[in-house]
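Shown here: model-v5.txt, compact mmCIF, C-alpha atoms.
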```txt
# COMPACT_ATOMS: atom_id res chain seq x y z
CA MET A 533 95.93 100.64 127.73
CA TYR A 534 98.65 100.18 125.08
CA ARG A 535 97.85 96.54 124.39
CA PHE A 536 95.99 97.70 121.26
CA LEU A 537 99.42 98.20 119.67
CA LEU A 538 99.59 94.41 119.32
CA THR A 539 96.49 94.27 117.17
CA ARG A 540 96.89 93.50 113.48
CA GLN A 541 95.87 97.00 112.42
CA TRP A 542 98.46 98.69 114.63
CA VAL A 543 101.22 96.23 113.84
CA ILE A 544 100.73 96.94 110.11
CA LEU A 545 100.62 100.70 110.73
CA THR A 546 103.81 100.58 112.83
CA LEU A 547 105.66 98.48 110.26
CA LEU A 548 104.57 100.90 107.53
CA ALA A 549 105.96 103.82 109.55
CA LEU A 550 109.24 101.97 110.08
CA VAL A 551 109.54 101.42 106.33
CA LEU A 552 108.58 104.99 105.38
CA ILE A 553 111.13 106.69 107.63
CA PRO A 554 114.34 105.26 106.06
CA THR A 555 112.79 105.42 102.59
CA MET A 556 112.09 109.13 102.91
CA VAL A 557 115.54 109.76 104.41
CA GLU A 558 117.13 107.95 101.45
CA LEU A 559 115.00 109.93 98.97
CA GLY A 560 116.22 113.10 100.66
CA PHE A 561 119.86 112.08 100.22
CA TRP A 562 119.13 111.16 96.59
CA GLN A 563 117.86 114.68 95.94
CA LEU A 564 120.85 116.09 97.84
CA HIS A 565 123.23 114.17 95.58
CA ARG A 566 121.40 115.46 92.53
CA HIS A 567 121.80 119.00 93.88
CA GLN A 568 125.52 118.45 94.47
CA HIS A 569 125.92 117.00 90.96
CA ARG A 570 124.17 120.01 89.44
CA VAL A 571 126.34 122.45 91.40
CA ALA A 572 129.50 120.60 90.34
CA GLN A 573 128.36 120.53 86.72
CA ASN A 574 127.59 124.25 86.74
CA SER A 575 131.05 124.91 88.13
CA LEU A 576 132.63 122.75 85.43
CA ILE A 577 130.66 124.45 82.65
CA SER A 578 131.59 127.94 83.88
CA GLN A 579 135.23 127.01 84.28
CA ASN A 580 135.56 125.41 80.85
CA LEU A 581 133.64 128.12 79.00
CA LYS A 582 135.85 130.82 80.54
CA ALA A 583 139.08 128.93 79.88
CA LYS A 584 141.40 130.21 77.18
CA PRO A 585 140.61 128.40 73.90
CA VAL A 586 143.15 125.78 72.86
CA PRO A 587 143.53 123.91 69.55
CA VAL A 588 141.13 120.99 69.51
CA SER A 589 143.92 118.56 68.63
CA GLU A 590 145.47 119.24 72.07
CA LEU A 591 142.47 117.73 73.83
CA THR A 592 141.38 114.91 71.56
CA SER A 593 142.59 112.53 68.87
CA PRO A 594 141.15 109.74 66.71
CA GLY A 595 139.48 107.14 68.91
CA HIS A 596 139.76 109.37 71.98
CA THR A 597 136.89 109.46 74.49
CA VAL A 598 136.40 113.01 75.71
CA PRO A 599 136.50 112.91 79.55
CA ARG A 600 133.90 114.73 81.57
CA GLY A 601 136.48 117.26 82.74
CA ASP A 602 136.84 118.48 79.13
CA TYR A 603 133.12 118.81 78.36
CA TRP A 604 132.29 122.31 77.01
CA ARG A 605 135.98 123.23 76.91
CA ALA A 606 136.60 126.20 74.61
CA VAL A 607 138.59 125.04 71.57
CA THR A 608 139.65 126.24 68.13
CA ALA A 609 140.09 124.40 64.85
CA THR A 610 141.60 125.69 61.60
CA GLY A 611 140.94 123.94 58.31
CA THR A 612 138.57 123.54 55.38
CA PHE A 613 134.95 122.37 55.57
CA ASP A 614 134.17 119.15 53.68
CA THR A 615 130.62 119.89 52.54
CA ALA A 616 130.53 116.80 50.30
CA HIS A 617 130.29 114.65 53.44
CA GLU A 618 128.02 116.94 55.41
CA VAL A 619 125.14 115.20 57.25
CA VAL A 620 122.18 116.31 59.32
CA VAL A 621 121.27 114.97 62.74
CA ARG A 622 117.55 114.26 62.82
CA ARG A 623 114.93 115.26 65.39
CA ARG A 624 116.79 118.05 67.13
CA THR A 625 115.03 121.08 68.58
CA SER A 626 115.93 124.74 68.47
CA ASP A 627 116.20 126.99 71.50
CA ASP A 628 112.46 127.72 71.18
CA ASP A 629 111.55 124.01 70.81
CA ARG A 630 110.98 123.90 67.05
CA LEU A 631 111.70 120.53 65.51
CA GLY A 632 114.48 120.35 62.96
CA ALA A 633 118.02 119.04 62.55
CA HIS A 634 121.60 119.83 63.47
CA VAL A 635 124.12 120.33 60.69
CA LEU A 636 127.24 118.21 61.09
CA THR A 637 130.11 119.13 58.79
CA PRO A 638 133.61 117.57 58.80
CA LEU A 639 136.45 120.08 59.06
CA ASP A 640 139.74 118.90 57.55
CA LEU A 641 142.38 120.43 59.78
CA THR A 642 145.33 122.28 58.32
CA ASP A 643 147.78 120.37 60.51
CA GLY A 644 146.18 117.03 59.66
CA GLY A 645 143.16 115.09 60.80
CA THR A 646 139.43 115.75 60.70
CA VAL A 647 137.07 117.02 63.38
CA LEU A 648 133.28 117.06 63.28
CA VAL A 649 131.68 120.48 63.64
CA ASN A 650 128.07 120.90 64.72
CA ARG A 651 127.32 124.14 62.89
CA GLY A 652 123.86 124.56 64.46
CA TRP A 653 120.15 124.02 63.91
CA VAL A 654 118.04 124.27 60.73
CA PRO A 655 114.29 123.66 60.21
CA THR A 656 113.10 120.60 58.31
CA ASP A 657 109.76 121.98 57.07
CA GLY A 658 107.88 119.00 58.45
CA ASP A 659 109.38 116.47 56.04
CA GLN A 660 111.67 114.29 58.12
CA ARG A 661 112.91 112.23 55.16
CA ALA A 662 113.92 115.11 52.90
CA PHE A 663 117.35 116.67 53.27
CA PRO A 664 116.75 120.19 54.61
CA LYS A 665 118.07 123.40 53.11
CA VAL A 666 121.47 123.94 54.69
CA PRO A 667 123.41 127.19 54.16
CA ALA A 668 126.93 126.56 52.97
CA PRO A 669 129.80 127.18 55.40
CA PRO A 670 132.63 129.58 54.54
CA SER A 671 134.83 128.33 51.72
CA GLY A 672 138.58 128.06 51.98
CA GLU A 673 140.51 127.97 55.20
CA VAL A 674 138.59 129.07 58.25
CA THR A 675 139.21 129.11 62.00
CA VAL A 676 136.28 127.83 64.01
CA THR A 677 135.78 128.28 67.74
CA GLY A 678 133.42 126.21 69.80
CA ARG A 679 132.75 123.93 72.73
CA LEU A 680 134.21 120.42 72.85
CA LYS A 681 131.58 117.73 73.34
CA ALA A 682 131.76 113.97 73.79
CA ASP A 683 130.48 111.50 71.22
CA GLU A 684 126.80 110.72 71.54
CA THR A 685 125.66 107.17 72.18
CA THR A 686 122.25 105.69 72.81
CA GLY A 687 123.26 105.05 76.41
CA SER A 688 124.45 108.59 77.10
CA SER A 689 121.78 110.47 75.15
CA GLY A 690 118.75 108.18 75.28
CA ILE A 691 118.38 108.58 71.50
CA LYS A 692 117.78 105.36 69.59
CA ASP A 693 120.17 104.90 66.67
CA LEU A 694 117.76 104.03 63.87
CA SER A 695 118.77 102.10 60.78
CA GLY A 696 117.56 102.61 57.21
CA LEU A 697 117.67 106.41 57.37
CA PRO A 698 117.69 108.53 54.21
CA ASP A 699 121.07 109.36 52.72
CA ARG A 700 123.20 111.83 54.71
CA GLN A 701 120.95 111.65 57.78
CA VAL A 702 121.98 110.31 61.19
CA MET A 703 120.49 110.10 64.66
CA LEU A 704 123.67 110.53 66.72
CA ILE A 705 126.79 112.67 66.56
CA ASN A 706 129.46 110.02 66.80
CA SER A 707 133.02 110.29 65.51
CA ASP A 708 133.44 106.52 65.08
CA GLN A 709 130.37 106.30 62.84
CA GLN A 710 131.47 109.26 60.75
CA SER A 711 135.01 107.91 60.50
CA GLU A 712 133.61 104.78 58.84
CA LEU A 713 131.57 106.87 56.41
CA LEU A 714 134.53 109.13 55.60
CA SER A 715 137.02 106.25 55.44
CA ARG A 716 139.55 108.31 57.38
CA PRO A 717 140.38 108.97 61.05
CA VAL A 718 138.21 111.51 62.88
CA LEU A 719 139.07 113.15 66.19
CA GLY A 720 137.02 111.80 69.11
CA GLY A 721 134.05 113.91 70.13
CA TYR A 722 132.97 116.96 68.18
CA LEU A 723 133.05 120.74 68.21
CA GLU A 724 129.86 122.72 68.89
CA GLN A 725 130.46 125.90 66.86
CA THR A 726 130.22 129.30 68.51
CA GLY A 727 132.14 131.34 65.95
CA PRO A 728 132.29 132.74 63.42
CA GLU A 729 128.60 133.54 63.36
CA PRO A 730 126.92 132.25 60.18
CA SER A 731 125.87 134.70 57.52
CA GLY A 732 122.14 135.37 57.72
CA GLY A 733 121.84 133.68 61.11
CA SER A 734 121.49 130.17 59.72
CA PRO A 735 122.23 127.56 60.89
CA GLU A 736 121.13 128.82 64.32
CA GLN A 737 124.02 128.33 66.67
CA ILE A 738 123.36 126.30 69.78
CA ALA A 739 122.98 128.32 72.97
CA SER A 740 125.52 128.02 75.75
CA PRO A 741 124.67 125.42 78.40
CA ASP A 742 122.95 126.64 81.54
CA ASP A 743 125.48 127.13 84.32
CA GLY A 744 123.35 129.18 86.71
CA SER A 745 120.25 127.17 87.53
CA ILE A 746 120.52 124.64 90.35
CA GLY A 747 116.96 123.34 90.21
CA PRO A 748 114.67 122.43 93.13
CA HIS A 749 116.63 119.39 94.31
CA MET A 750 117.76 120.86 97.65
CA ALA A 751 114.20 121.95 98.44
CA TYR A 752 113.00 118.44 97.62
CA ALA A 753 115.67 116.94 99.90
CA VAL A 754 114.55 119.09 102.84
CA GLN A 755 110.94 118.22 102.06
CA TRP A 756 111.62 114.47 102.18
CA TRP A 757 113.48 114.82 105.48
CA LEU A 758 110.60 116.81 106.99
CA PHE A 759 108.23 114.06 105.88
CA ALA A 760 110.52 111.48 107.54
CA ALA A 761 110.50 113.48 110.78
CA GLY A 762 106.72 113.83 110.59
CA VAL A 763 106.07 110.09 110.43
CA PRO A 764 107.01 109.27 114.08
CA VAL A 765 105.29 112.44 115.27
CA GLY A 766 102.13 111.41 113.44
CA TRP A 767 102.43 107.87 114.82
CA VAL A 768 102.62 109.15 118.42
CA ILE A 769 99.63 111.44 117.87
CA LEU A 770 97.57 108.55 116.53
CA VAL A 771 98.59 106.31 119.44
CA ARG A 772 97.62 108.92 122.03
CA ARG A 773 94.33 109.58 120.26
CA GLU A 774 93.59 105.85 120.16
CA LYS A 775 94.41 105.53 123.88
CA HIS A 776 92.17 108.48 124.72
CA ASP A 777 89.28 107.09 122.66
CA ARG A 778 89.61 103.68 124.31
CA GLN A 779 89.67 105.23 127.79
CA GLU A 780 86.50 107.19 127.07
CA ALA A 781 84.81 104.10 125.64
CA ALA A 782 85.79 102.06 128.72
CA ALA A 783 84.44 104.75 131.04
CA ARG A 784 81.12 104.82 129.20
CA ASP A 785 80.87 101.04 129.36
CA GLU A 786 81.51 101.02 133.12
CA SER A 787 78.87 103.69 133.65
CA ALA A 788 76.29 101.78 131.60
CA GLU A 789 76.96 98.48 133.35
CA GLU A 790 76.91 99.82 136.97
CA PRO A 791 73.67 98.60 138.73
CA GLY A 792 71.38 101.21 140.28
CA ARG A 793 71.50 101.59 144.02
CA PRO A 794 68.32 100.33 145.79
CA ALA A 795 66.42 102.75 147.93
CA THR A 796 67.03 102.29 151.66
CA ALA A 797 64.62 103.01 154.56
CA ASP A 798 65.20 103.29 158.25
CA ALA A 799 63.62 100.34 160.06
CA THR A 800 62.34 101.12 163.44
CA VAL A 801 60.92 98.60 165.77
```

Encoded form using structure tokens:
Amino acid sequence: MYRFLLTRQWVILTLLALVLIPTMVELGFWQLHRHQHRVAQNSLISQNLKAKPVPVSELTSPGHTVPRGDYWRAVTATGTFDTAHEVVVRRRTSDDDRLGAHVLTPLDLTDGGTVLVNRGWVPTDGDQRAFPKVPAPPSGEVTVTGRLKADETTGSSGIKDLSGLPDRQVMLINSDQQSELLSRPVLGGYLEQTGPEPSGGSPEQIASPDDGSIGPHMAYAVQWWLFAAGVPVGWVILVRREKHDRQEAAARDESAEEPGRPATADATV
């Protein structure tokens, strides 16, 4: 009664089940890895945000690539803002998803060197080509605290680096690009300012990264594995149902084909 498994329909169905099972198992592990990455990232963010701030020059230097272990590290920088070479980073959103720009101002350090400071978000009033109104930073020597971030690239951010932009407008925060514009060395990465708070609340400082949410990845992993376990169970149920249907059909056919018994009479002589 299981010879039907050799039919084309059942061969295709069985092969499909054999493909689905490892695929779903692999998708489950993919979601598990994403969960583990998120947990590790949250731990790194929390650790680096709580760490004692250190001078930015201790963690980076001109041409330095900020390693992942130093992302969001609390740092300080003392120097004077160079507003003459201030630029805005286009198409950035605020914490409530309003479109605007980030203000990127070089800070000439007292002990030498220059670091880029992302002072926060400002609105652009709908005109993407006009330079927005940017409140001036404190004059004179100032000590800035913030989070150390790595240089942005198209590969890491997904943001296309457009050419032909209006003067003093950029798409990416990149120390190498700004070093060329400034004609002087710039420390690798940049500082995302958290203090001092700007007068009047503008630019709007960037919120701390989320270090508490882990997302639904673990739930998705378990879901994929349950699907994988359900495939063979479903296959067995379908096989048994097919066998039962074929047995009933065979019994009906036998009953319909059985000839009627002729009437018999006792013959007496």

If you count all atoms listed in the file, which residues fall within 12 Å of stretch 690-694 of chain A, apart from same-chain ones fewer than 2 positions away, as a VMD selection string?
chain A and resid 621 to 624 684 to 688 696 to 698 701 to 706 709

Report, in Å to a single decimal, how far apart atom CA of A:Pro717 and atom CA of A:Leu641 are.
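Between atom CA of A:Leu641 and atom CA of A:Pro717 the gap works out to 11.7 Å.
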
Skip A:Asn650 itself and residues of its chain fewer than 6 positions away, then list as a VMD selection string all residues within 7 Å of it, counting only C-alpha atoms.
chain A and resid 634 to 637 723 to 725

Selected residue, from A:Asp683, A:Asp602, A:Glu789, A:Asp708, that lies nearest to A:Ser578 when counting only C-alpha atoms:
A:Asp602

Output as CSV one row per residue of stretch 572-652 of chain A within 12 Å of stretch 742-766 of chain A: the closest atom pair and its distance in Å to one decimal place, counting only C-alpha atoms, sorted by chain and residue number ascending.
```
residue,atom,partner,partner_atom,distance
A:Ala572,CA,A:Asp743,CA,9.7
A:Gln573,CA,A:Asp743,CA,7.6
A:Asn574,CA,A:Asp743,CA,4.3
A:Ser575,CA,A:Asp743,CA,7.1
A:Leu576,CA,A:Asp743,CA,8.5
A:Ile577,CA,A:Asp743,CA,6.1
A:Ser578,CA,A:Asp743,CA,6.2
A:Gln579,CA,A:Asp743,CA,9.8
A:Asn580,CA,A:Asp743,CA,10.8
A:Leu581,CA,A:Asp743,CA,9.8
A:Lys582,CA,A:Asp743,CA,11.6
A:Trp604,CA,A:Asp743,CA,11.1
```

Can you pull out the residues contacting A:Arg679? Cut-off 12 Å, using all atoms listed in the file, and skip same-chain residues under 3 positions away; I want them as an MDAnalysis selection string.
chainID A and resid 577:578 580:588 591 598 602:609 648:651 676 682 721:727 737:741
